[in-house]
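Report on the structure given below.
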Amino acid sequence: MTSTVPQSAARTAGGSALQAVLLDMDGTLVDTEGFWWDAEVEVFGELGHRLDESWRDVVVGGPMSRSAGYLIEATGADITVAELSVLLNERFEARIADRVPLMPGAQRLLAELARNNVPAALVSASHRRVIDRIMASLGPENFVLSVAGDEVARTKPHPDPYLHAAGALGAHPSLCAVIEDTATGVAAAEAAGCRVVAVPSVAAIAPAPGRTVVSSLEDVDLAFLRRLITGMN
């Protein structure tokens with residue numbers, strides 16, 4: 001876990017109840033979910049297997065170990081999870097090159113949070129090596145903290161990554177707004193006790209108590225997130 005949080009308490013959100021905003025990366029801030037699937041299709045093609053498009057909904061948003069394990073079992077490929085993880089990370093990194101496309105509204109939202117001194121954390125199931133590559137496109141100055149999937153004992157859909165982030169920021173999970181694009185990430189955030197904004201990327205996500213579903217980050221701003229916490233939405 002990489003952090004620039006000072007030893008003092010986390011910054012407050014302009015006097016509102018909102019204490020921090022915790023954001024997923026792939027499919028939420030950067031348009032990379034398709035890159036992951038293309039990498040998986042390509043690697044398995046080289047192993048002599050064809051991936052079924054329906055499997056995409058199963059592996060999206062999950063930790064590498066789960067996605068790799070599922071695809072190995074589904075195809076019967078003769079490769080270990082560890083070996084496949086290395087291949088997929090390498091193939092994905094080759095695809096993103098130096099810059100990755102941001103999701104509509106991502107840059108504006110991050111800038112607004114930073115301008116108003118609202119602590120933001122990047123919380124991803126991707127490995128640290130991938131996060132560090134993508135952070136250059138997102139702007140590391142926009143985040144007080146980042147948590148990678150290979151830095152916690154249990155990653156999404158478990159609550160651990162979000163509990164780690166909230167704790168490191170000195171924030172209470174119930175006063176943190178989480179922005180996610182997959183059911184796996186939403187499950188992790190809700191299990192941690194956070195309020196969730198779901199911005200579905202690959203598969204649909206239904207509204208639920210404590211969860212707001214929007215079609216784009218263009219629909220999300222600081223006022224929206226503050227209302228989410230105070231229950232005024």
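Residues are referred to by chain and number: the chain letter is A, B, ... according to the order shown in the structure tokens, the number counts from 1 in that chain, and ligands are numbered separately from 1 in the order shown.
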Contacts of region 54-119 of chain A with region 144-166 of chain A up to 12 Å, shortest pair per row, only C-alpha atoms, as CSV:
residue,atom,partner,partner_atom,distance
A:Val59,CA,A:Pro157,CA,11.9
A:Val60,CA,A:Lys156,CA,11.4
A:Gly61,CA,A:Lys156,CA,8.2
A:Gly62,CA,A:Lys156,CA,6.4
A:Pro63,CA,A:Lys156,CA,6.5
A:Met64,CA,A:Gly149,CA,8.3
A:Ser65,CA,A:Asp150,CA,9.9
A:Arg66,CA,A:Lys156,CA,9.9
A:Ser67,CA,A:Lys156,CA,11.7
A:Ser85,CA,A:Asp150,CA,11.5
A:Leu110,CA,A:Val144,CA,11.5
A:Leu113,CA,A:Val144,CA,11.0
A:Ala114,CA,A:Val144,CA,9.5
A:Asn117,CA,A:Val144,CA,10.2
A:Val118,CA,A:Val144,CA,9.4
A:Pro119,CA,A:Val144,CA,6.1
Restrict the selected residues to all heavy atoms and save them as a short mmCIF file (atom, residue, chain, number, x, y, z; two decimals), in the first residue's frame.
data_model
loop_
_atom_site.label_atom_id
_atom_site.label_comp_id
_atom_site.auth_asym_id
_atom_site.auth_seq_id
_atom_site.Cartn_x
_atom_site.Cartn_y
_atom_site.Cartn_z
N VAL A 59 -15.13 -12.84 -15.05
CA VAL A 59 -13.77 -12.46 -14.64
C VAL A 59 -13.59 -10.96 -14.43
O VAL A 59 -12.61 -10.54 -13.80
CB VAL A 59 -12.72 -12.97 -15.65
CG1 VAL A 59 -12.79 -14.48 -15.77
CG2 VAL A 59 -12.91 -12.33 -17.03
N VAL A 60 -14.51 -10.14 -14.94
CA VAL A 60 -14.33 -8.70 -14.85
C VAL A 60 -14.35 -8.23 -13.40
O VAL A 60 -15.16 -8.67 -12.59
CB VAL A 60 -15.40 -7.95 -15.67
CG1 VAL A 60 -16.79 -8.13 -15.06
CG2 VAL A 60 -15.06 -6.47 -15.78
N GLY A 61 -13.40 -7.37 -13.07
CA GLY A 61 -13.38 -6.74 -11.76
C GLY A 61 -12.81 -7.58 -10.63
O GLY A 61 -12.67 -7.10 -9.52
N GLY A 62 -12.47 -8.82 -10.92
CA GLY A 62 -11.98 -9.69 -9.86
C GLY A 62 -10.47 -9.67 -9.73
O GLY A 62 -9.77 -9.13 -10.58
N PRO A 63 -9.96 -10.27 -8.66
CA PRO A 63 -8.51 -10.37 -8.50
C PRO A 63 -7.92 -11.29 -9.56
O PRO A 63 -8.61 -12.17 -10.10
CB PRO A 63 -8.35 -10.96 -7.10
CG PRO A 63 -9.63 -11.70 -6.86
CD PRO A 63 -10.69 -10.89 -7.55
N MET A 64 -6.65 -11.09 -9.86
CA MET A 64 -5.99 -11.89 -10.88
C MET A 64 -6.09 -13.38 -10.57
O MET A 64 -6.33 -14.20 -11.47
CB MET A 64 -4.52 -11.47 -10.99
CG MET A 64 -3.72 -12.27 -11.99
SD MET A 64 -4.21 -11.94 -13.69
CE MET A 64 -3.52 -10.31 -13.92
N SER A 65 -5.93 -13.75 -9.31
CA SER A 65 -5.95 -15.17 -8.95
C SER A 65 -7.29 -15.81 -9.28
O SER A 65 -7.35 -16.94 -9.77
CB SER A 65 -5.64 -15.35 -7.46
OG SER A 65 -6.54 -14.61 -6.67
N ARG A 66 -8.38 -15.08 -9.02
CA ARG A 66 -9.70 -15.62 -9.30
C ARG A 66 -9.95 -15.72 -10.80
O ARG A 66 -10.43 -16.73 -11.31
CB ARG A 66 -10.79 -14.76 -8.65
CG ARG A 66 -12.17 -15.41 -8.72
CD ARG A 66 -13.28 -14.43 -8.39
NE ARG A 66 -13.48 -13.47 -9.48
CZ ARG A 66 -14.39 -12.50 -9.43
NH1 ARG A 66 -15.10 -12.31 -8.35
NH2 ARG A 66 -14.53 -11.68 -10.46
N SER A 67 -9.64 -14.64 -11.53
CA SER A 67 -9.86 -14.63 -12.97
C SER A 67 -9.03 -15.70 -13.67
O SER A 67 -9.53 -16.45 -14.51
CB SER A 67 -9.51 -13.24 -13.54
OG SER A 67 -10.30 -12.24 -12.96
N SER A 85 -0.73 -15.51 -14.46
CA SER A 85 -0.77 -14.15 -13.95
C SER A 85 0.36 -13.31 -14.52
O SER A 85 0.17 -12.14 -14.89
CB SER A 85 -0.70 -14.15 -12.42
OG SER A 85 -1.85 -14.79 -11.86
N LEU A 110 -11.61 14.01 -10.35
CA LEU A 110 -10.39 13.97 -9.56
C LEU A 110 -9.88 15.37 -9.27
O LEU A 110 -9.43 15.67 -8.15
CB LEU A 110 -9.32 13.15 -10.29
CG LEU A 110 -9.58 11.65 -10.40
CD1 LEU A 110 -8.51 10.99 -11.26
CD2 LEU A 110 -9.64 10.99 -9.02
N LEU A 113 -12.06 16.99 -6.53
CA LEU A 113 -11.75 16.47 -5.20
C LEU A 113 -10.46 17.09 -4.67
O LEU A 113 -10.38 17.52 -3.51
CB LEU A 113 -11.64 14.94 -5.23
CG LEU A 113 -12.91 14.17 -5.58
CD1 LEU A 113 -12.62 12.68 -5.65
CD2 LEU A 113 -14.02 14.46 -4.58
N ALA A 114 -9.44 17.13 -5.51
CA ALA A 114 -8.15 17.69 -5.10
C ALA A 114 -8.28 19.17 -4.78
O ALA A 114 -7.72 19.66 -3.79
CB ALA A 114 -7.11 17.47 -6.19
N ASN A 117 -9.73 19.68 -1.40
CA ASN A 117 -9.02 19.00 -0.31
C ASN A 117 -9.79 17.81 0.26
O ASN A 117 -9.76 17.55 1.46
CB ASN A 117 -8.69 19.98 0.82
CG ASN A 117 -7.70 21.04 0.39
OD1 ASN A 117 -6.77 20.76 -0.36
ND2 ASN A 117 -7.92 22.27 0.83
N VAL A 118 -10.49 17.08 -0.62
CA VAL A 118 -11.16 15.85 -0.22
C VAL A 118 -10.20 14.69 -0.48
O VAL A 118 -9.80 14.46 -1.62
CB VAL A 118 -12.47 15.63 -1.01
CG1 VAL A 118 -13.13 14.32 -0.60
CG2 VAL A 118 -13.42 16.80 -0.80
N PRO A 119 -9.80 13.95 0.54
CA PRO A 119 -8.86 12.85 0.34
C PRO A 119 -9.42 11.80 -0.62
O PRO A 119 -10.56 11.35 -0.46
CB PRO A 119 -8.69 12.25 1.74
CG PRO A 119 -9.11 13.33 2.68
CD PRO A 119 -10.19 14.10 1.96
#
- Would you kindly return, as a list of chain:residue names, each protein, DNA or RNA residue with an atom no farther than 7 Å from any atom of Ala177 (chain A), considering only C-alpha atoms and excluding same-chain residues fewer than 6 positions away? A:Ala20, A:Val21, A:Leu22, A:Cys194, A:Arg195, A:Val196, A:Leu225
With all heavy atoms kept, could you save the residues just selected as a tab-separated table (two decimals), in the first residue's frame?
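Saved file selection_20.tsv follows:
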chain	number	residue	atom	x	y	z
A	20	ALA	N	-13.89	10.88	2.83
A	20	ALA	CA	-12.95	10.45	1.80
A	20	ALA	C	-13.72	9.83	0.64
A	20	ALA	O	-14.85	9.38	0.79
A	20	ALA	CB	-11.95	9.44	2.36
A	21	VAL	N	-13.07	9.82	-0.52
A	21	VAL	CA	-13.63	9.17	-1.71
A	21	VAL	C	-12.64	8.11	-2.15
A	21	VAL	O	-11.45	8.39	-2.36
A	21	VAL	CB	-13.88	10.18	-2.85
A	21	VAL	CG1	-14.44	9.47	-4.07
A	21	VAL	CG2	-14.84	11.28	-2.38
A	22	LEU	N	-13.12	6.88	-2.26
A	22	LEU	CA	-12.29	5.73	-2.61
A	22	LEU	C	-12.72	5.24	-3.99
A	22	LEU	O	-13.90	4.94	-4.21
A	22	LEU	CB	-12.45	4.62	-1.57
A	22	LEU	CG	-12.44	5.08	-0.09
A	22	LEU	CD1	-12.67	3.89	0.84
A	22	LEU	CD2	-11.15	5.81	0.24
A	194	CYS	N	-19.21	1.00	3.28
A	194	CYS	CA	-19.14	2.28	2.58
A	194	CYS	C	-20.42	2.52	1.77
A	194	CYS	O	-21.14	1.59	1.43
A	194	CYS	CB	-17.95	2.30	1.63
A	194	CYS	SG	-16.35	1.99	2.43
A	195	ARG	N	-20.66	3.79	1.45
A	195	ARG	CA	-21.72	4.13	0.51
A	195	ARG	C	-21.15	4.02	-0.90
A	195	ARG	O	-20.03	4.45	-1.15
A	195	ARG	CB	-22.23	5.55	0.75
A	195	ARG	CG	-22.88	5.75	2.11
A	195	ARG	CD	-24.11	4.86	2.29
A	195	ARG	NE	-25.15	5.18	1.33
A	195	ARG	CZ	-26.13	6.06	1.55
A	195	ARG	NH1	-26.17	6.72	2.69
A	195	ARG	NH2	-27.05	6.28	0.63
A	196	VAL	N	-21.93	3.45	-1.81
A	196	VAL	CA	-21.39	3.09	-3.12
A	196	VAL	C	-22.10	3.79	-4.27
A	196	VAL	O	-23.33	3.86	-4.30
A	196	VAL	CB	-21.48	1.56	-3.33
A	196	VAL	CG1	-20.96	1.17	-4.71
A	196	VAL	CG2	-20.69	0.83	-2.25
A	225	LEU	N	-21.66	13.50	-4.15
A	225	LEU	CA	-21.07	12.57	-3.18
A	225	LEU	C	-21.38	13.00	-1.75
A	225	LEU	O	-21.62	12.16	-0.89
A	225	LEU	CB	-19.56	12.49	-3.40
A	225	LEU	CG	-19.13	11.89	-4.74
A	225	LEU	CD1	-17.62	12.00	-4.91
A	225	LEU	CD2	-19.58	10.45	-4.86
- Residue with smallest distance to Glu46 (chain A) - pool A:Val30, A:Met25, A:Arg91, A:Ala136, counting only C-alpha atoms: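 Of the candidates, the smallest distance to Glu46 (chain A) is held by A:Arg91.
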- Query: Can you list, as JSON, numbers by chain, every residue of region 42-219 of chain A that DSSP puts in strand (DSSP E)?
  - Reply: {"A": [120, 121, 122, 123, 145, 146, 147, 176, 177, 178, 179, 180, 195, 196, 197, 198, 211, 212, 213]}
- Item | Those of region 30-180 of chain A in DSSP helix (DSSP H, G or I), formatted as a ChimeraX atom specification | /A:33-46,53-59,64-75,81-96,106-115,128-138,140-142,149-151,160-169,173-175
